[in-house]
file target-v8.cif (mmCIF, C-alpha atoms)
data_final
loop_
_atom_site.label_atom_id
_atom_site.label_comp_id
_atom_site.auth_asym_id
_atom_site.auth_seq_id
_atom_site.Cartn_x
_atom_site.Cartn_y
_atom_site.Cartn_z
CA MET F 1 -11.63 -66.00 5.13
CA ASN F 2 -13.74 -66.32 2.01
CA ASN F 3 -13.32 -64.36 -1.20
CA GLN F 4 -16.02 -61.80 -0.36
CA GLU F 5 -14.42 -60.92 2.98
CA LEU F 6 -11.01 -60.66 1.33
CA VAL F 7 -12.30 -58.34 -1.38
CA LYS F 8 -14.10 -56.21 1.20
CA LYS F 9 -10.95 -55.92 3.31
CA LEU F 10 -8.79 -54.96 0.34
CA THR F 11 -11.23 -52.34 -0.98
CA SER F 12 -12.07 -50.75 2.39
CA PRO F 13 -10.21 -47.50 3.24
CA SER F 14 -7.05 -47.97 5.26
CA LYS F 15 -6.25 -46.05 8.44
CA ASN F 16 -3.75 -43.84 6.63
CA SER F 17 -6.22 -42.96 3.89
CA ARG F 18 -8.86 -42.06 6.48
CA LEU F 19 -6.36 -39.85 8.30
CA GLU F 20 -5.40 -38.20 5.03
CA LYS F 21 -9.04 -37.54 4.19
CA PHE F 22 -9.59 -36.13 7.68
CA GLY F 23 -6.55 -33.87 7.29
CA LYS F 24 -7.78 -32.60 3.93
CA THR F 25 -11.18 -31.84 5.45
CA ILE F 26 -9.67 -29.91 8.37
CA THR F 27 -7.41 -27.97 5.97
CA PHE F 28 -10.34 -27.12 3.73
CA LEU F 29 -12.42 -25.94 6.69
CA CYS F 30 -9.57 -23.72 7.94
CA LEU F 31 -9.09 -22.25 4.49
CA SER F 32 -12.82 -21.66 4.13
CA LEU F 33 -12.88 -19.91 7.51
CA ILE F 34 -10.04 -17.59 6.47
CA VAL F 35 -11.74 -16.77 3.16
CA PHE F 36 -15.04 -16.16 4.98
CA ILE F 37 -13.43 -13.80 7.51
CA VAL F 38 -11.63 -11.83 4.78
CA ALA F 39 -14.83 -11.60 2.73
CA MET F 40 -16.82 -10.40 5.75
CA ILE F 41 -14.20 -7.73 6.51
CA LEU F 42 -14.32 -6.51 2.91
CA ILE F 43 -18.13 -6.47 2.88
CA PHE F 44 -18.35 -4.73 6.25
CA VAL F 45 -15.85 -1.99 5.38
CA ALA F 46 -17.40 -1.54 1.92
CA GLN F 47 -20.90 -1.28 3.36
CA LYS F 48 -19.85 1.31 5.92
CA GLY F 49 -17.64 3.23 3.48
CA LEU F 50 -20.18 3.37 0.65
CA SER F 51 -22.90 4.63 3.02
CA THR F 52 -21.21 8.03 2.83
CA PHE F 53 -22.09 8.30 -0.84
CA PHE F 54 -25.36 6.32 -1.15
CA VAL F 55 -26.99 7.19 2.19
CA ASP F 56 -25.53 10.51 3.29
CA GLY F 57 -25.30 11.91 -0.24
CA VAL F 58 -21.64 12.98 -0.18
CA ASN F 59 -20.28 13.46 -3.70
CA ILE F 60 -17.63 10.83 -4.38
CA PHE F 61 -15.56 13.15 -6.59
CA GLU F 62 -15.59 15.90 -3.98
CA PHE F 63 -14.53 13.30 -1.43
CA LEU F 64 -11.62 11.96 -3.48
CA PHE F 65 -10.41 15.24 -4.95
CA GLY F 66 -11.55 17.84 -2.43
CA THR F 67 -8.90 19.63 -0.38
CA LYS F 68 -11.02 20.77 2.58
CA TRP F 69 -11.43 18.37 5.49
CA GLU F 70 -13.79 19.88 8.05
CA PRO F 71 -16.35 17.26 9.18
CA SER F 72 -18.13 19.77 11.44
CA ALA F 73 -18.77 21.98 8.39
CA LYS F 74 -19.76 19.02 6.16
CA LEU F 75 -16.59 19.36 4.10
CA PHE F 76 -15.09 15.93 3.40
CA GLY F 77 -12.16 16.35 1.02
CA ALA F 78 -9.85 13.36 1.50
CA LEU F 79 -7.18 14.39 -1.01
CA PRO F 80 -4.80 15.85 1.65
CA MET F 81 -4.72 12.55 3.55
CA ILE F 82 -4.39 10.46 0.40
CA ALA F 83 -1.57 12.66 -0.86
CA GLY F 84 0.14 12.61 2.55
CA SER F 85 -0.01 8.81 2.71
CA PHE F 86 1.46 8.39 -0.76
CA ILE F 87 4.19 10.99 -0.25
CA VAL F 88 5.33 9.49 3.06
CA THR F 89 5.21 5.96 1.65
CA ILE F 90 7.09 6.69 -1.57
CA LEU F 91 9.80 8.81 0.07
CA SER F 92 10.42 6.29 2.84
CA ALA F 93 10.69 3.49 0.26
CA LEU F 94 13.09 5.53 -1.88
CA ILE F 95 15.37 6.13 1.10
CA ALA F 96 15.14 2.59 2.49
CA THR F 97 15.79 0.77 -0.80
CA PRO F 98 19.50 1.70 -1.26
CA PHE F 99 20.28 0.91 2.39
CA ALA F 100 18.40 -2.38 2.18
CA ILE F 101 20.16 -3.44 -1.03
CA GLY F 102 23.54 -2.46 0.39
CA ALA F 103 22.94 -4.40 3.59
CA ALA F 104 21.68 -7.41 1.65
CA VAL F 105 24.68 -7.41 -0.68
CA PHE F 106 27.02 -7.18 2.32
CA MET F 107 25.26 -10.07 4.06
CA THR F 108 25.23 -12.34 1.02
CA GLU F 109 28.22 -11.42 -1.16
CA ILE F 110 30.74 -9.23 0.66
CA SER F 111 30.92 -10.73 4.13
CA PRO F 112 28.35 -13.48 4.74
CA LYS F 113 30.06 -14.57 7.96
CA TYR F 114 30.09 -11.19 9.72
CA GLY F 115 26.79 -10.25 8.11
CA ALA F 116 25.11 -13.26 9.68
CA LYS F 117 26.76 -12.66 13.06
CA ILE F 118 26.43 -8.89 13.38
CA LEU F 119 24.15 -7.29 10.80
CA GLN F 120 21.39 -9.90 10.71
CA PRO F 121 20.73 -9.85 14.50
CA ALA F 122 20.71 -6.05 14.42
CA VAL F 123 18.14 -6.00 11.63
CA GLU F 124 16.07 -8.67 13.39
CA LEU F 125 16.04 -6.47 16.49
CA LEU F 126 14.47 -3.66 14.46
CA VAL F 127 11.65 -6.00 13.42
CA GLY F 128 10.70 -6.75 17.01
CA ILE F 129 10.44 -3.13 18.19
CA PRO F 130 6.76 -2.10 18.66
CA SER F 131 5.35 0.74 16.59
CA VAL F 132 4.69 2.88 19.65
CA VAL F 133 8.38 2.75 20.55
CA TYR F 134 9.27 3.98 17.06
CA GLY F 135 6.74 6.74 17.57
CA PHE F 136 8.23 7.81 20.92
CA ILE F 137 11.74 7.78 19.48
CA GLY F 138 10.52 9.85 16.54
CA LEU F 139 8.83 12.27 18.94
CA GLN F 140 11.88 12.68 21.15
CA VAL F 141 14.69 12.45 18.58
CA VAL F 142 13.50 12.89 14.98
CA VAL F 143 11.11 15.80 15.53
CA PRO F 144 13.68 17.94 17.44
CA PHE F 145 16.33 17.04 14.84
CA VAL F 146 14.11 18.16 11.95
CA ARG F 147 13.16 21.31 13.87
CA SER F 148 16.78 22.26 14.50
CA ILE F 149 17.96 21.55 10.93
CA PHE F 150 15.02 22.58 8.76
CA GLY F 151 13.05 24.88 11.05
CA GLY F 152 9.35 24.85 11.74
CA THR F 153 7.70 22.73 14.40
CA GLY F 154 9.49 19.55 13.41
CA PHE F 155 6.20 17.76 12.85
CA GLY F 156 5.52 16.89 9.23
CA ILE F 157 6.09 14.53 6.34
CA LEU F 158 9.88 14.56 6.71
CA SER F 159 9.71 13.28 10.29
CA GLY F 160 7.26 10.62 9.20
CA VAL F 161 9.57 9.59 6.36
CA PHE F 162 12.51 9.12 8.75
CA VAL F 163 10.44 7.01 11.14
CA LEU F 164 8.93 4.83 8.40
CA PHE F 165 12.34 4.45 6.76
CA VAL F 166 13.62 2.70 9.89
CA MET F 167 10.44 0.66 10.26
CA ILE F 168 10.38 -0.79 6.74
CA LEU F 169 14.14 -1.23 6.41
CA PRO F 170 14.21 -4.72 8.03
CA THR F 171 11.37 -5.97 5.82
CA VAL F 172 12.96 -4.80 2.59
CA THR F 173 16.39 -6.02 3.70
CA PHE F 174 15.33 -9.57 4.55
CA MET F 175 13.28 -9.99 1.38
CA THR F 176 16.19 -8.65 -0.68
CA VAL F 177 18.54 -11.11 1.02
CA ASP F 178 16.22 -13.97 0.07
CA SER F 179 16.11 -12.72 -3.52
CA LEU F 180 19.91 -12.53 -3.76
CA LYS F 181 20.30 -16.01 -2.29
CA ALA F 182 17.81 -17.36 -4.84
CA VAL F 183 20.03 -16.32 -7.78
CA PRO F 184 21.60 -19.50 -9.24
CA ARG F 185 25.21 -19.92 -8.21
CA HIS F 186 26.37 -20.65 -11.75
CA TYR F 187 25.46 -17.08 -12.76
CA LYS F 188 28.15 -15.77 -10.44
CA GLU F 189 30.65 -18.47 -11.41
CA ALA F 190 30.15 -17.83 -15.13
CA SER F 191 30.61 -14.08 -14.69
CA LEU F 192 33.83 -14.50 -12.71
CA ALA F 193 35.10 -17.08 -15.18
CA MET F 194 34.68 -14.56 -18.01
CA GLY F 195 36.97 -12.10 -16.21
CA ALA F 196 34.44 -9.84 -14.49
CA THR F 197 35.40 -8.36 -11.14
CA ARG F 198 33.40 -9.10 -8.01
CA TRP F 199 31.72 -5.70 -8.13
CA GLN F 200 30.85 -6.11 -11.83
CA THR F 201 29.39 -9.51 -11.05
CA ILE F 202 27.29 -8.12 -8.21
CA TRP F 203 26.12 -5.07 -10.14
CA ARG F 204 25.60 -6.54 -13.61
CA VAL F 205 24.64 -10.13 -12.88
CA ILE F 206 23.40 -10.83 -9.36
CA LEU F 207 21.36 -7.66 -8.77
CA ASN F 208 19.99 -7.82 -12.29
CA ALA F 209 18.87 -11.43 -11.85
CA ALA F 210 17.31 -10.63 -8.45
CA ARG F 211 15.54 -7.51 -9.71
CA PRO F 212 11.97 -8.93 -9.60
CA GLY F 213 12.49 -10.08 -6.01
CA ILE F 214 13.92 -6.70 -5.04
CA PHE F 215 10.92 -4.95 -6.60
CA THR F 216 8.66 -7.25 -4.61
CA ALA F 217 10.53 -6.36 -1.41
CA VAL F 218 10.18 -2.64 -2.10
CA VAL F 219 6.44 -2.89 -2.83
CA PHE F 220 5.97 -5.01 0.29
CA GLY F 221 7.77 -2.36 2.32
CA MET F 222 5.58 0.33 0.78
CA ALA F 223 2.48 -1.63 1.76
CA ARG F 224 3.79 -1.79 5.33
CA ALA F 225 4.50 1.95 5.35
CA PHE F 226 1.13 2.83 3.81
CA GLY F 227 -0.77 1.01 6.55
CA GLU F 228 1.30 2.19 9.52
CA ALA F 229 -0.83 4.20 11.94
CA LEU F 230 0.46 4.86 15.46
CA ALA F 231 4.08 5.79 14.79
CA ILE F 232 3.25 8.11 11.88
CA GLN F 233 0.44 9.74 13.85
CA MET F 234 2.87 10.79 16.59
CA VAL F 235 5.27 12.67 14.28
CA VAL F 236 3.37 13.83 11.18
CA GLY F 237 1.47 16.69 12.81
CA ASN F 238 -2.08 15.52 12.01
CA SER F 239 -3.07 18.62 10.08
CA ALA F 240 -5.56 17.69 7.33
CA VAL F 241 -4.33 20.18 4.72
CA MET F 242 -2.61 19.72 1.39
CA PRO F 243 1.13 19.25 1.97
CA THR F 244 3.03 22.33 0.83
CA SER F 245 6.47 21.25 2.03
CA LEU F 246 8.12 18.34 3.79
CA THR F 247 8.45 20.24 7.08
CA THR F 248 4.89 21.51 7.53
CA PRO F 249 2.36 19.45 9.53
CA ALA F 250 0.32 17.06 7.40
CA ALA F 251 -1.93 14.04 7.83
CA THR F 252 -2.29 10.54 6.46
CA LEU F 253 -5.26 8.24 6.11
CA THR F 254 -4.22 6.18 9.11
CA SER F 255 -3.53 9.18 11.36
CA VAL F 256 -6.96 10.70 10.71
CA LEU F 257 -8.63 7.33 11.25
CA THR F 258 -6.94 6.61 14.57
CA MET F 259 -7.69 10.12 15.84
CA GLY F 260 -11.29 10.39 14.71
CA ILE F 261 -12.90 6.96 14.78
CA GLY F 262 -13.33 6.97 18.58
CA ASN F 263 -14.76 10.49 18.68
CA THR F 264 -17.74 9.99 16.37
CA VAL F 265 -21.14 8.38 16.77
CA MET F 266 -21.80 5.23 14.78
CA GLY F 267 -24.14 5.86 11.85
CA THR F 268 -23.51 9.60 11.52
CA VAL F 269 -21.99 11.10 8.41
CA GLN F 270 -18.86 11.99 10.40
CA ASN F 271 -18.44 8.32 11.27
CA ASN F 272 -19.32 7.00 7.81
CA VAL F 273 -16.80 9.27 6.12
CA LEU F 274 -14.08 7.77 8.30
CA TRP F 275 -15.16 4.35 7.10
CA SER F 276 -14.81 5.71 3.58
CA LEU F 277 -11.20 6.59 4.38
CA ALA F 278 -10.77 3.05 5.69
CA LEU F 279 -12.20 1.72 2.43
CA VAL F 280 -9.72 3.80 0.43
CA LEU F 281 -6.90 2.50 2.63
CA LEU F 282 -8.10 -1.08 2.15
CA LEU F 283 -8.29 -0.68 -1.63
CA MET F 284 -4.79 0.78 -1.72
CA SER F 285 -3.49 -2.15 0.33
CA LEU F 286 -5.18 -4.57 -2.07
CA GLY F 287 -3.52 -2.66 -4.90
CA PHE F 288 -0.09 -3.16 -3.33
CA ASN F 289 -0.82 -6.87 -2.90
CA SER F 290 -1.90 -7.12 -6.53
CA VAL F 291 1.36 -5.53 -7.66
CA ILE F 292 3.30 -8.02 -5.53
CA LYS F 293 1.33 -10.91 -7.06
CA LEU F 294 1.97 -9.57 -10.55
CA ILE F 295 5.72 -9.22 -9.98
CA THR F 296 5.91 -12.68 -8.42
CA LYS F 297 3.95 -14.17 -11.31
CA GLU F 298 6.22 -12.58 -13.91
CA ARG F 299 9.26 -13.75 -11.96
CA GLY F 300 7.91 -17.31 -11.96
CA LYS F 301 7.36 -17.21 -15.72
CA LYS F 302 10.95 -16.06 -16.30
CA ASN F 303 12.35 -18.75 -14.05
CA TYR F 304 10.23 -21.40 -15.82
CA ALA F 305 11.41 -20.14 -19.20
CA ARG F 306 15.01 -20.55 -18.12
#
call {"tool": "encode", "arguments": {"input": "target-v8.cif", "output": "structure tokens"}}
result
Amino acid sequence: MNNQELVKKLTSPSKNSRLEKFGKTITFLCLSLIVFIVAMILIFVAQKGLSTFFVDGVNIFEFLFGTKWEPSAKLFGALPMIAGSFIVTILSALIATPFAIGAAVFMTEISPKYGAKILQPAVELLVGIPSVVYGFIGLQVVVPFVRSIFGGTGFGILSGVFVLFVMILPTVTFMTVDSLKAVPRHYKEASLAMGATRWQTIWRVILNAARPGIFTAVVFGMARAFGEALAIQMVVGNSAVMPTSLTTPAATLTSVLTMGIGNTVMGTVQNNVLWSLALVLLLMSLGFNSVIKLITKERGKKNYAR
């Protein structure tokens, strides 16, 4: 073997380097495909949703702040659905958060052994239950319960809150558990060494250190609740009016979409206005994701500073 052949052999790409380059190419193509699909979804929904305002001539302010939703009479006020979605989401998150934090603290600090054996499988079971099953349970159990205790028909925001509370509880619980486990162990050891009780250590040190992660879990649960469609549709009452109480029938963005999108003709103003509701729902979901990114970014800065 002469010098030229030796130099050529040493400088030629090895099999491992070729495989690595091939893997990078496949990864890049998969990532590009995902970005392309997401971009096409955003463009498609935006095109359909904005047609209501630029093609059909519906006033955007009347759409966002109007309180009358009667598509047959050309009245497209989406405020009742937007308000209903936010009320159901916020109330379900407020109820689920204390239970999720309590369960997470029990599983990580109070009784990790029994928490892992009993509570964790129970919570995992809740994750695997389909939305339609939650809806049927809400229809057969929650609605009659609300009717017997608070009066009315039983259909309304309160029934939706109870159903969504159970649905988002596993998500918030598991993310809170991960946040508590991520707290450095020496925080707890230092607190106990200074004479703090176990409860003082949990309340003042561990939960405080895990606060950004808990906030992320709550926002993630709210995003799940905001986008839930089938279960909430079965118990909320589907009445597109401004909510006046928690026990009167109401509507959410997802419930109106699932009920109306199959009963309209593509290209009509009645169909386009539903796409506008979908665009609002998509923008709200992107807003939740942005909040999660912001909280995670701030948490990373604090951890780096430490």
call {"tool": "atom_distance", "arguments": {"input": "target-v8.cif", "atom1": "atom CA of Ala278 of chain F", "atom2": "atom CA of Ile261 of chain F"}}
result
10.1 Å
call {"tool": "resolve_selection", "arguments": {"input": "target-v8.cif", "expression": "the PyMOL selection byres ((chain F and resi 179) around 10)", "output": "VMD selection string"}}
result
chain F and resid 104 173 to 178 180 to 183 206 to 207 209 to 217
call {"tool": "atom_distance", "arguments": {"input": "target-v8.cif", "atom1": "atom CA of Phe220 of chain F", "atom2": "atom CA of Leu294 of chain F"}}
result
12.4 Å
call {"tool": "resolve_selection", "arguments": {"input": "target-v8.cif", "expression": "the PyMOL selection byres ((chain F and resi 70-79) around 9)", "output": "MDAnalysis selection string"}}
result
chainID F and resid 58 61:69 80:84 240:242 253 269:270 273 277
call {"tool": "atom_distance", "arguments": {"input": "target-v8.cif", "atom1": "atom CA of Arg198 of chain F", "atom2": "atom CA of Glu109 of chain F"}}
result
8.9 Å
call {"tool": "resolve_selection", "arguments": {"input": "target-v8.cif", "expression": "the PyMOL selection byres ((chain F and resi 134-148) around 8)", "output": "list in words"}}
result
Ile129, Pro130, Ser131, Val132, Val133, Ile149, Phe150, Gly151, Gly152, Thr153, Gly154, Phe155, Leu158, Ser159, Phe162, Val163, Met167, Leu230, Ala231, Ile232, Gln233, Met234, Val235 and Thr247 of chain F
call {"tool": "closest_residue", "arguments": {"input": "target-v8.cif", "among": "F:Phe54, F:Val161, F:Pro170, F:Leu31", "to": "Pro121 of chain F", "atoms": "all atoms listed in the file"}}
result
F:Pro170
call {"tool": "axis_aligned_box", "arguments": {"input": "target-v8.cif", "around": "segment 203-219 of chain F", "padding_each_side": "4 Å", "output": "JSON"}}
result
{"center_x": 16.3, "center_y": -7.0, "center_z": -7.5, "size_x": 27.7, "size_y": 16.8, "size_z": 20.2}
call {"tool": "closest_residue", "arguments": {"input": "target-v8.cif", "among": "F:Thr264, F:Gln200, F:Thr97, F:Asn271", "to": "Val172 of chain F", "atoms": "all atoms listed in the file"}}
result
F:Thr97
call {"tool": "closest_residue", "arguments": {"input": "target-v8.cif", "among": "F:Ser245, F:Asn208, F:Thr254, F:Ser111", "to": "Phe226 of chain F", "atoms": "only C-alpha atoms"}}
result
F:Thr254
call {"tool": "residues_around", "arguments": {"input": "target-v8.cif", "residues": "Phe106 of chain F", "least_positions_apart": "5", "cutoff": "10 Å", "atoms": "all atoms listed in the file", "output": "PyMOL selection string"}}
result
chain F and resi 100-101+111-116+119+177
call {"tool": "build_atoms", "arguments": {"input": "target-v8.cif", "residues": "segment 151-179 of chain F", "atoms": "N, CA and C atoms", "output": "tab-separated table (two decimals), in the coordinates of the input"}}
result
chain	number	residue	atom	x	y	z
F	151	GLY	N	13.95	23.87	10.53
F	151	GLY	CA	13.05	24.88	11.05
F	151	GLY	C	11.64	24.35	11.19
F	152	GLY	N	10.74	25.24	11.56
F	152	GLY	CA	9.35	24.85	11.74
F	152	GLY	C	9.14	24.15	13.07
F	153	THR	N	8.03	23.44	13.16
F	153	THR	CA	7.70	22.73	14.40
F	153	THR	C	8.40	21.38	14.51
F	154	GLY	N	8.89	20.87	13.42
F	154	GLY	CA	9.49	19.55	13.41
F	154	GLY	C	8.52	18.45	13.06
F	155	PHE	N	7.24	18.73	13.22
F	155	PHE	CA	6.20	17.76	12.85
F	155	PHE	C	5.89	17.92	11.36
F	156	GLY	N	5.83	16.81	10.64
F	156	GLY	CA	5.52	16.89	9.23
F	156	GLY	C	5.89	15.61	8.50
F	157	ILE	N	5.84	15.70	7.18
F	157	ILE	CA	6.09	14.53	6.34
F	157	ILE	C	7.52	14.04	6.50
F	158	LEU	N	8.48	14.96	6.62
F	158	LEU	CA	9.88	14.56	6.71
F	158	LEU	C	10.13	13.71	7.96
F	159	SER	N	9.57	14.09	9.08
F	159	SER	CA	9.71	13.28	10.29
F	159	SER	C	9.07	11.92	10.11
F	160	GLY	N	7.90	11.89	9.47
F	160	GLY	CA	7.26	10.62	9.20
F	160	GLY	C	8.08	9.74	8.28
F	161	VAL	N	8.73	10.35	7.29
F	161	VAL	CA	9.57	9.59	6.36
F	161	VAL	C	10.72	8.94	7.10
F	162	PHE	N	11.39	9.67	8.00
F	162	PHE	CA	12.51	9.12	8.75
F	162	PHE	C	12.07	7.95	9.63
F	163	VAL	N	10.92	8.08	10.27
F	163	VAL	CA	10.44	7.01	11.14
F	163	VAL	C	10.06	5.78	10.32
F	164	LEU	N	9.33	5.97	9.23
F	164	LEU	CA	8.93	4.83	8.40
F	164	LEU	C	10.12	4.19	7.70
F	165	PHE	N	11.13	5.00	7.37
F	165	PHE	CA	12.34	4.45	6.76
F	165	PHE	C	12.95	3.38	7.66
F	166	VAL	N	13.05	3.67	8.96
F	166	VAL	CA	13.62	2.70	9.89
F	166	VAL	C	12.68	1.51	10.07
F	167	MET	N	11.39	1.74	10.01
F	167	MET	CA	10.44	0.66	10.26
F	167	MET	C	10.38	-0.34	9.11
F	168	ILE	N	10.49	0.14	7.87
F	168	ILE	CA	10.38	-0.79	6.74
F	168	ILE	C	11.73	-1.34	6.30
F	169	LEU	N	12.81	-0.77	6.82
F	169	LEU	CA	14.14	-1.23	6.41
F	169	LEU	C	14.36	-2.72	6.66
F	170	PRO	N	14.00	-3.27	7.84
F	170	PRO	CA	14.21	-4.72	8.03
F	170	PRO	C	13.44	-5.57	7.04
F	171	THR	N	12.19	-5.19	6.76
F	171	THR	CA	11.37	-5.97	5.82
F	171	THR	C	11.99	-6.01	4.45
F	172	VAL	N	12.36	-4.85	3.93
F	172	VAL	CA	12.96	-4.80	2.59
F	172	VAL	C	14.30	-5.51	2.58
F	173	THR	N	15.07	-5.39	3.65
F	173	THR	CA	16.39	-6.02	3.70
F	173	THR	C	16.28	-7.54	3.66
F	174	PHE	N	15.44	-8.11	4.50
F	174	PHE	CA	15.33	-9.57	4.55
F	174	PHE	C	14.79	-10.15	3.25
F	175	MET	N	13.81	-9.49	2.65
F	175	MET	CA	13.28	-9.99	1.38
F	175	MET	C	14.31	-9.85	0.26
F	176	THR	N	15.13	-8.80	0.31
F	176	THR	CA	16.19	-8.65	-0.68
F	176	THR	C	17.26	-9.72	-0.50
F	177	VAL	N	17.58	-10.04	0.75
F	177	VAL	CA	18.54	-11.11	1.02
F	177	VAL	C	18.05	-12.43	0.43
F	178	ASP	N	16.78	-12.74	0.63
F	178	ASP	CA	16.22	-13.97	0.07
F	178	ASP	C	16.29	-13.97	-1.46
F	179	SER	N	16.05	-12.81	-2.06
F	179	SER	CA	16.11	-12.72	-3.52
F	179	SER	C	17.53	-12.93	-4.04
